[in-house]
Structure formats: C-alpha cells, structure tokens
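protein_6.cif (mmCIF, C-alpha atoms)
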```
data_my_file
#
loop_
_atom_site.label_atom_id
_atom_site.label_comp_id
_atom_site.auth_asym_id
_atom_site.auth_seq_id
_atom_site.Cartn_x
_atom_site.Cartn_y
_atom_site.Cartn_z
CA MET A 210 1.51 62.12 103.05
CA THR A 211 1.32 60.02 99.86
CA LEU A 212 1.26 61.56 96.37
CA GLN A 213 -2.33 60.35 95.94
CA GLN A 214 -3.38 62.06 99.19
CA LYS A 215 -1.70 65.26 98.07
CA ALA A 216 -3.54 65.07 94.78
CA MET A 217 -6.87 64.67 96.60
CA ARG A 218 -6.07 67.66 98.81
CA LEU A 219 -5.11 69.67 95.74
CA SER A 220 -8.42 68.79 94.12
CA ALA A 221 -10.37 69.85 97.18
CA TRP A 222 -8.44 73.10 97.46
CA GLY A 223 -8.90 73.87 93.79
CA LEU A 224 -12.59 73.22 94.31
CA CYS A 225 -13.21 75.53 97.23
CA ALA A 226 -10.48 78.12 97.61
CA SER A 227 -9.75 78.17 93.86
CA LEU A 228 -13.16 77.65 92.39
CA SER A 229 -14.09 81.18 93.30
CA LEU A 230 -11.25 82.40 91.17
CA VAL A 231 -11.40 79.68 88.56
CA LEU A 232 -14.95 80.37 87.63
CA LEU A 233 -14.41 84.07 87.44
CA SER A 234 -12.34 83.76 84.34
CA GLY A 235 -15.32 82.83 82.27
CA THR A 236 -15.71 86.46 81.27
CA GLY A 237 -13.63 87.24 78.25
CA ASP A 238 -13.39 89.96 75.64
CA ARG A 239 -16.29 88.57 73.67
CA ALA A 240 -14.94 87.62 70.27
CA VAL A 241 -13.12 90.89 70.12
CA THR A 242 -9.34 90.73 70.63
CA ILE A 243 -7.44 93.82 71.45
CA ALA A 244 -4.81 94.24 68.74
CA GLN A 245 -1.17 94.74 69.67
CA SER A 246 0.23 98.21 69.19
CA LEU A 247 2.01 98.89 65.94
CA PRO A 248 5.70 99.87 66.09
CA SER A 249 6.36 103.27 67.61
CA THR A 250 8.07 104.33 64.39
CA ALA A 251 4.72 104.35 62.54
CA THR A 252 3.57 107.93 61.96
CA PRO A 253 0.81 109.30 59.79
CA SER A 254 1.93 110.29 56.31
CA ILE A 255 -0.82 112.58 55.16
CA GLY A 256 0.93 115.76 54.15
CA THR A 257 0.06 119.17 55.54
CA PRO A 258 -3.62 119.99 55.04
CA SER A 259 -4.88 123.54 54.72
CA THR A 260 -6.37 123.78 58.20
CA THR A 261 -6.89 127.54 58.48
CA ILE A 262 -10.49 128.21 59.44
CA SER A 263 -11.63 131.77 60.07
CA PRO A 264 -13.62 132.70 63.20
CA SER A 265 -16.53 133.66 60.95
CA GLN A 266 -16.79 130.04 59.85
CA THR A 267 -16.73 128.50 63.32
CA SER A 268 -17.86 129.48 66.79
CA SER A 269 -14.18 129.56 67.75
CA THR A 270 -10.90 129.19 65.89
CA TYR A 271 -10.22 125.51 65.19
CA VAL A 272 -6.92 124.20 66.55
CA PRO A 273 -5.71 121.08 64.68
CA ILE A 274 -4.41 118.06 66.59
CA PRO A 275 -0.62 117.80 66.16
CA ASP A 276 0.48 115.01 63.81
CA ALA A 277 2.60 113.46 66.58
CA THR A 278 -0.47 113.24 68.85
CA ILE A 279 -2.51 111.65 66.06
CA ALA A 280 0.20 109.00 65.66
CA GLU A 281 0.22 108.30 69.41
CA LEU A 282 -3.59 108.05 69.61
CA LEU A 283 -3.70 105.48 66.81
CA LYS A 284 -0.81 103.54 68.31
CA LEU A 285 -2.41 103.60 71.77
CA ALA A 286 -5.62 102.18 70.25
CA GLY A 287 -3.62 99.32 68.72
CA VAL A 288 -5.06 99.99 65.27
CA THR A 289 -4.65 97.27 62.62
CA ARG A 290 -5.91 96.86 59.06
CA ASP A 291 -8.87 94.80 60.37
CA ASP A 292 -10.32 97.75 62.31
CA VAL A 293 -13.20 100.08 61.62
CA VAL A 294 -12.24 103.46 63.07
CA TYR A 295 -14.67 106.23 64.02
CA SER A 296 -13.55 109.69 65.03
CA LEU A 297 -16.31 111.49 66.93
CA GLY A 298 -15.32 115.12 66.55
CA SER A 299 -13.08 114.58 63.54
CA GLY A 300 -12.06 118.21 62.96
CA ASP A 301 -10.02 118.57 59.77
CA GLY A 302 -10.07 114.79 59.29
CA ARG A 303 -6.37 114.05 59.67
CA LEU A 304 -6.78 111.24 62.20
CA THR A 305 -9.49 109.64 60.04
CA ILE A 306 -7.19 109.93 57.01
CA ALA A 307 -4.12 108.64 58.88
CA ALA A 308 -6.01 105.53 59.98
CA VAL A 309 -6.44 104.63 56.29
CA LYS A 310 -3.18 105.87 54.82
CA THR A 311 -0.78 104.70 57.55
CA TYR A 312 -2.58 101.68 59.02
CA GLY A 313 -4.72 100.50 56.11
CA VAL A 314 -7.89 100.06 58.17
CA ARG A 315 -10.98 98.51 56.57
CA ARG A 316 -12.97 101.72 57.00
CA SER A 317 -12.50 105.08 58.66
CA VAL A 318 -15.37 107.46 59.44
CA GLY A 319 -15.17 111.01 60.75
CA VAL A 320 -18.20 112.64 62.36
CA GLU A 321 -18.11 116.42 62.73
CA THR A 322 -20.78 119.05 63.45
CA ASN A 323 -19.09 121.90 61.58
CA PRO A 324 -19.84 121.88 57.82
CA GLU A 325 -16.69 123.83 56.88
CA LEU A 326 -14.50 121.28 58.67
CA VAL A 327 -16.34 118.42 56.93
CA GLN A 328 -15.69 120.09 53.57
CA LEU A 329 -12.03 120.60 54.50
CA SER A 330 -11.78 116.95 55.57
CA ASN A 331 -13.08 115.72 52.22
CA THR A 332 -10.56 117.96 50.43
CA ASN A 333 -7.72 116.62 52.61
CA ALA A 334 -8.82 113.03 51.97
CA GLN A 335 -8.78 113.57 48.20
CA GLN A 336 -5.34 115.18 48.37
CA ALA A 337 -4.07 112.24 50.46
CA GLY A 338 -5.46 109.73 47.95
CA VAL A 339 -7.84 108.03 50.39
CA GLY A 340 -11.12 109.64 49.36
CA SER A 341 -12.74 106.26 48.69
CA SER A 342 -11.89 104.82 52.14
CA ALA A 343 -12.24 107.80 54.47
CA GLN A 344 -15.82 108.99 54.93
CA PHE A 345 -16.91 112.21 56.64
CA LEU A 346 -20.37 112.97 58.01
CA GLN A 347 -21.78 116.29 59.17
CA GLN A 348 -23.85 115.17 62.14
CA ASP A 349 -24.60 115.77 65.80
CA LEU A 350 -22.20 113.47 67.64
CA VAL A 351 -24.90 112.36 70.05
CA GLN A 352 -27.00 111.12 67.11
CA ALA A 353 -24.18 109.37 65.23
CA ASP A 354 -24.43 105.66 64.40
CA PHE A 355 -21.07 104.10 65.37
CA ARG A 356 -22.19 100.55 66.19
CA ASP A 357 -19.79 98.87 63.77
CA ALA A 358 -16.70 100.62 65.20
CA SER A 359 -13.86 98.58 66.69
CA VAL A 360 -11.90 101.76 67.54
CA VAL A 361 -13.35 105.14 68.55
CA ASN A 362 -11.43 108.40 68.86
CA LEU A 363 -13.49 110.68 71.09
CA ASP A 364 -12.75 114.38 70.63
CA ALA A 365 -15.77 116.04 72.18
CA SER A 366 -16.67 118.33 75.04
CA SER A 367 -17.13 116.78 78.48
CA ASP A 368 -20.91 117.29 78.30
CA THR A 369 -21.17 115.60 74.90
CA ALA A 370 -18.86 112.74 75.92
CA LEU A 371 -20.97 112.01 79.01
CA LYS A 372 -24.12 112.01 76.88
CA LEU A 373 -22.43 109.47 74.60
CA ARG A 374 -21.16 107.23 77.40
CA ALA A 375 -24.27 105.07 77.82
CA ARG A 376 -24.37 104.41 74.06
CA LEU A 377 -20.66 103.62 73.90
CA LEU A 378 -21.19 101.01 76.61
CA SER A 379 -24.40 99.49 75.27
CA GLU A 380 -23.96 99.70 71.47
CA LEU A 381 -20.27 98.91 70.98
CA LYS A 382 -19.03 95.34 71.15
CA PRO A 383 -17.07 94.39 74.26
CA GLY A 384 -13.39 94.78 73.42
CA THR A 385 -13.90 97.95 71.36
CA ARG A 386 -11.13 100.45 72.14
CA ILE A 387 -11.75 104.12 72.85
CA VAL A 388 -9.03 106.79 72.92
CA ALA A 389 -9.22 110.47 73.83
CA ARG A 390 -7.08 113.46 74.74
CA THR A 391 -9.11 114.16 77.89
CA PRO A 392 -10.56 111.93 80.66
CA ALA A 393 -13.96 112.71 79.18
CA LEU A 394 -15.98 109.72 80.41
CA GLY A 395 -16.53 110.76 84.01
CA ASP A 396 -16.24 108.01 86.61
CA TRP A 397 -15.58 105.42 83.90
CA LYS A 398 -11.87 105.37 84.57
CA PRO A 399 -9.48 104.65 81.69
CA ASP A 400 -7.77 101.26 81.44
CA LYS A 401 -4.54 102.99 80.51
CA THR A 402 -3.03 106.48 80.28
CA ILE A 403 0.17 107.55 78.57
CA THR A 404 2.04 110.85 78.46
CA VAL A 405 3.70 111.96 75.24
CA PRO A 406 5.96 114.97 74.60
CA GLY A 407 4.37 118.10 73.18
CA ALA A 408 5.60 121.30 71.56
CA SER A 409 4.66 123.40 74.59
CA SER A 410 3.85 120.79 77.25
CA PRO A 411 3.40 117.00 77.61
CA GLN A 412 0.07 115.56 76.44
CA THR A 413 -1.77 112.84 78.38
CA LEU A 414 -3.79 110.37 76.32
CA TYR A 415 -6.50 108.04 77.64
CA TYR A 416 -7.53 104.51 76.65
CA TRP A 417 -10.66 102.52 77.52
CA VAL A 418 -11.88 99.05 76.53
CA VAL A 419 -15.65 98.50 76.41
CA PRO A 420 -16.37 95.85 79.09
CA GLU A 421 -18.71 92.88 78.85
CA ARG A 422 -21.71 92.82 81.17
CA LEU A 423 -20.67 90.38 83.88
CA ALA A 424 -22.68 91.39 86.94
CA GLY A 425 -24.99 88.69 88.27
CA ASP A 426 -24.94 84.98 89.11
CA TRP A 427 -23.29 82.24 87.06
CA LYS A 428 -23.93 78.59 87.89
CA GLY A 429 -21.60 75.79 86.93
CA ARG A 430 -20.18 72.38 87.71
CA VAL A 431 -16.54 71.28 87.81
CA GLU A 432 -15.27 67.70 87.65
CA TYR A 433 -12.20 67.52 89.88
CA ALA A 434 -11.73 63.72 89.76
CA THR A 435 -13.14 60.88 87.70
CA GLY A 436 -16.80 60.57 88.65
CA ARG A 437 -16.51 63.36 91.23
CA ALA A 438 -17.90 66.83 90.56
CA GLN A 439 -18.86 69.98 92.45
CA THR A 440 -21.52 72.56 91.67
CA TYR A 441 -20.88 76.23 92.35
CA THR A 442 -22.25 79.73 91.88
CA LEU A 443 -20.14 82.70 90.84
CA ARG A 444 -21.57 86.06 91.90
CA PHE A 445 -20.21 89.31 90.45
CA THR A 446 -20.83 92.99 90.99
CA GLN A 447 -19.52 95.48 88.45
CA GLN A 448 -18.87 99.18 87.93
CA PHE A 449 -17.69 99.49 84.34
CA GLN A 450 -14.54 97.28 84.08
CA GLN A 451 -14.09 97.19 87.87
CA VAL A 452 -15.36 93.82 89.14
CA LYS A 453 -15.75 92.18 92.54
CA GLY A 454 -16.75 88.55 92.90
CA ASP A 455 -17.43 85.58 95.17
CA ALA A 456 -17.61 81.87 94.57
CA ILE A 457 -20.30 80.01 96.54
CA VAL A 458 -19.60 76.32 97.10
CA GLU A 459 -21.74 74.14 99.39
CA GLY A 460 -23.17 77.24 101.07
CA LYS A 461 -19.75 78.76 101.77
CA LYS A 462 -18.61 82.00 100.18
CA TYR A 463 -15.05 82.57 98.94
CA THR A 464 -13.85 85.98 97.80
CA ILE A 465 -12.27 86.13 94.36
CA PRO A 466 -9.34 88.60 94.38
CA ASN A 467 -7.25 90.23 91.65
CA ILE A 468 -9.95 90.22 88.97
CA THR A 469 -9.19 91.86 85.62
CA LEU A 470 -11.96 92.34 83.06
CA MET A 471 -10.78 93.45 79.63
CA GLY A 472 -13.65 93.45 77.16
CA ASP A 473 -15.16 89.95 77.39
CA ARG A 474 -11.99 88.35 78.76
CA LEU A 475 -11.58 87.69 82.47
CA THR A 476 -8.42 86.78 84.34
CA PHE A 477 -7.46 86.48 87.98
CA ASN A 478 -4.84 84.86 90.18
CA ARG A 479 -4.55 83.95 93.80
CA THR A 480 -1.77 82.63 96.03
CA GLU A 481 -2.50 80.68 99.20
CA THR A 482 -0.38 78.60 101.57
CA ILE A 483 -1.87 75.29 102.70
CA GLN A 484 -0.01 72.97 105.07
CA GLY A 485 3.22 74.83 104.38
CA GLN A 486 2.91 74.46 100.62
CA GLN A 487 2.26 77.49 98.44
CA GLY A 488 -0.66 77.05 96.08
CA ILE A 489 -1.34 79.24 93.05
CA VAL A 490 -4.58 79.52 91.13
CA GLN A 491 -4.64 81.24 87.74
CA PHE A 492 -7.77 81.67 85.68
CA ASN A 493 -8.18 82.71 82.05
CA GLY A 494 -11.54 82.76 80.31
CA ARG A 495 -14.16 84.60 78.33
CA ILE A 496 -17.89 85.22 78.02
CA GLU A 497 -19.67 83.80 75.00
CA GLY A 498 -23.27 84.92 75.14
CA ASP A 499 -24.67 83.55 78.41
CA MET A 500 -21.82 81.07 78.87
CA LEU A 501 -18.64 81.61 80.85
CA LYS A 502 -15.81 79.46 79.51
CA GLY A 503 -12.24 79.15 80.67
CA THR A 504 -9.52 77.18 82.40
CA ALA A 505 -8.31 77.39 85.97
CA GLY A 506 -4.77 76.23 86.54
CA VAL A 507 -3.99 75.04 90.07
CA LYS A 508 -0.42 74.43 91.25
CA TRP A 509 0.45 73.12 94.71
CA GLY A 510 3.98 72.02 95.43
CA ILE A 511 5.07 69.63 92.69
CA LEU A 512 1.48 68.98 91.63
CA ALA A 513 -0.34 70.88 88.92
CA ARG A 514 -3.70 70.50 87.25
CA ASN A 515 -5.99 72.44 84.91
CA PHE A 516 -9.74 72.52 85.53
CA PRO A 517 -12.08 73.43 82.66
CA ILE A 518 -14.64 75.98 83.80
CA LEU A 519 -18.09 76.24 82.24
CA ALA A 520 -20.82 78.30 83.88
CA GLN A 521 -24.16 79.61 82.66
CA ARG A 522 -25.62 83.00 83.44
CA SER A 523 -28.62 82.54 85.74
CA THR A 524 -29.28 86.10 86.95
CA THR A 525 -28.22 89.40 85.42
CA LEU A 526 -27.86 92.51 87.54
CA ARG A 527 -28.97 95.59 85.62
CA GLY A 528 -29.18 99.12 86.93
CA ARG A 529 -25.84 100.97 87.08
CA ALA A 530 -23.67 97.92 86.45
CA LEU A 531 -22.20 99.47 83.31
CA ARG A 532 -23.64 102.95 83.44
#
```
Mind turning the file's structure into structure tokens?
Amino acid sequence: MTLQQKAMRLSAWGLCASLSLVLLSGTGDRAVTIAQSLPSTATPSIGTPSTTISPSQTSSTYVPIPDATIAELLKLAGVTRDDVVYSLGSGDGRLTIAAVKTYGVRRSVGVETNPELVQLSNTNAQQAGVGSSAQFLQQDLVQADFRDASVVNLDASSDTALKLRARLLSELKPGTRIVARTPALGDWKPDKTITVPGASSPQTLYYWVVPERLAGDWKGRVEYATGRAQTYTLRFTQQFQQVKGDAIVEGKKYTIPNITLMGDRLTFNRTETIQGQQGIVQFNGRIEGDMLKGTAGVKWGILARNFPILAQRSTTLRGRALR
C-alpha cells in the first residue's frame, strides 16, 4: 500500500470511527480554567479566633473546622488570587479569612444563618487584618446570591445542600469548583475525593466542578482533504458531568467512548486497530456558547494528522440533564 493510499485510509478512518470522538471534544470548561493546586506547604495563617459559643446562643454547640482541614479544602479547590470564594455555612469565618490572608483572593464572602457566628466572624476578620476583603452575611443559605463565585465551600446540612444543588448547577459558571466535608450533593457524584489525617480520625473531602450543559445534538462539518469534507451530528446524553455520546456520519452511528467533561472542557480518546495498524484518536475541545470547538488528533502507524472540529448546537435536551 502506498503512503498516499494510507493517508486516504487514515482520513476515512478519522472521519467515521474518529469523528464520533473528535467532535465530542467541543465541550470545554467554558472560559473558566480550573486553577492548579497551591503547594501543600501553604496553610492558613489567621491566628486562633475566640470560637467559644454557648448553647444558649446557638441551637447546638458550634464545632470549628480544624485549621488543617481548612488548608486542605482551599488547596483541593485550587484557590488562586484571581478567585472569588464563597463559604455557604461559614461558621466562625476562618475559611473565609484564610482565603484572603493566605491565598490573596479577590474577594471572600461568608454566608451564615447564626447572628452570633457572623459577629464572631467579623471580629476574627478585623483581628486578622482582612476586614476590608472578607465579607460576612447573615442570611438563609438557600436565599444567598453566590452567582459571581468561582469557588464555593459548602458546609450545610444534607437537606439544605440538596435544595441548593439546582442553583449551583444553573447559576454558577461551568468550571466553578465546589468543595465540602460531606458528599452532600446526592447523586451528583464528586469529581475527586481526598482523605486527610485528622486528630481523631481521617477526614474525607469532596470536590466537584460545575459542568457545562452538553446534552443534545451538535451538527458540524470536517474537511479531511483539500476540497473534501464530511458532515456529521454529535449526540450527547448527560447526567451531571457523566456523558455518553454518539457520532452520526452518513446515517451510521459510532459510539464515543472515554468521555471526560470538566466544566466546559471535553476530552476523549479511543484506540482501534485497522488492517493490523493501531490507530489512536485524541480529542480536546471546549464549548463557547452554542459552538463546540476543538481539535481531534488522529495517529495511524507513521501517519498523524489533526482535524479542527467545529460544531453548532442544534437541539438541547432539557429535563434532568443537569438536575
């Protein structure tokens, strides 16, 4: 077989078997990029606040989050100075304060229902020297306005967290990170869990990334040779960040495996053997509004080629896609 014939076969393969996967990558983490974790040596430096609250002031005695756990939550969220951090259930305010004092975030907001804890938080913020950057609100968590958050620490009861879930998914930008000390979001499974040592027992922490809405049909066209192009439809179903997809080319359906949706960024890869040669398809892309943009790299033997992928949303599946 000549090199030119191999190239033509590669093009055809990348069009049918790969296109399914190639087009999938058009879903990216919107314009939100998940920041890299700060060094593990970073720990909050906020002093020791006066966190003693009497039972007469609260419905139950408040138990502060250990400083080591606060440090791990902020590190797990990948906090940087460009973030806006909200703590829903901010307690004595130490995580909200640490986000400013240790990580230098643009803004840090604590929302807490208990007025005594809000007062204590403001006192702690003044003592830590961050009173102008750390804000505390006495408010029902379910009513809180957190739309500008890029990081959310969720420290609420399971019932409250589930009431908040639909708003977290619909009001936060894709790519927003959520951390918690409990798996509070029901069947929205975390993207990552870590276990950290504790004074009495290990503590498991949970991490989610708000996914883009991908479910539905996306129609596009790929040019695989000069003057030669192929139209296709990408069809996705979605349950939170879990995605299944097919590529439909000339009436034939090809399953897209190994799909990862992280915010608005979509990746996948597939390996297939054709005529004794192993072919690999790798896709990397993102969603920008109603456009799916990315690149599919196809390698087959000694041949390799990148195909630009551009697809437009034609049908959106609603219902429980993200709920």
Query raised in the report: Contacts of segment 348-358 of chain A at 7 Å or less, counting all atoms listed in the file, minus same-chain residues fewer than 6 places along, as a PyMOL selection string?
Result: chain A and resi 293-295+297+320-322+369+372-373+380-381
Query - Selection: 9 Å around Leu363 of chain A, all atoms listed in the file, excl. self and same-chain fewer than 6 positions, as a PyMOL selection string - result: chain A and resi 295-299+370+387-391+393
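Among A:Val419, A:Leu394, A:Ile489, A:Ile279, the residue with the shortest atom-to-atom distance to Gly472 of chain A, counting all atoms listed in the file, is A:Val419.
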Query - Atomic separation - atom CA of Leu346 of chain A relative to atom CA of Lys310 of chain A, Å - result: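 Atom CA of Leu346 of chain A lies at a distance of 18.9 Å from atom CA of Lys310 of chain A.
Across A:Glu432, A:Glu481, A:Asp499, A:Asp292, the tightest approach to Arg386 of chain A is made by A:Asp292 when counting only C-alpha atoms.
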Query raised in the report: If we count all atoms listed in the file, what is near segment 453-455 of chain A at a cut-off of 9 Å, once residues fewer than 4 positions away on the same chain are taken out, given as a PyMOL selection string?
Result: chain A and resi 229-230+233+424+442-448+462-468
Residues from last step as file, C-alpha atoms, as a compact mmCIF listing (two decimals), in the frame of the given file:
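Contents of the output file out-v5.txt:
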```txt
# COMPACT_ATOMS: atom_id res chain seq x y z
CA SER A 229 -14.09 81.18 93.30
CA LEU A 230 -11.25 82.40 91.17
CA LEU A 233 -14.41 84.07 87.44
CA ALA A 424 -22.68 91.39 86.94
CA THR A 442 -22.25 79.73 91.88
CA LEU A 443 -20.14 82.70 90.84
CA ARG A 444 -21.57 86.06 91.90
CA PHE A 445 -20.21 89.31 90.45
CA THR A 446 -20.83 92.99 90.99
CA GLN A 447 -19.52 95.48 88.45
CA GLN A 448 -18.87 99.18 87.93
CA LYS A 462 -18.61 82.00 100.18
CA TYR A 463 -15.05 82.57 98.94
CA THR A 464 -13.85 85.98 97.80
CA ILE A 465 -12.27 86.13 94.36
CA PRO A 466 -9.34 88.60 94.38
CA ASN A 467 -7.25 90.23 91.65
CA ILE A 468 -9.95 90.22 88.97
```
Query raised in the report: Can you tell me how far atom CA of Ala343 of chain A sits from atom CA of Leu282 of chain A, in Å to one decimal?
Result: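 Pair atom CA of Ala343 of chain A / atom CA of Leu282 of chain A returns 17.4 Å.
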Query raised in the report: Counting only C-alpha atoms, which of A:Lys428, A:Arg474, A:Arg303, A:Lys502 gets nearest to Thr278 of chain A?
Result: A:Arg303
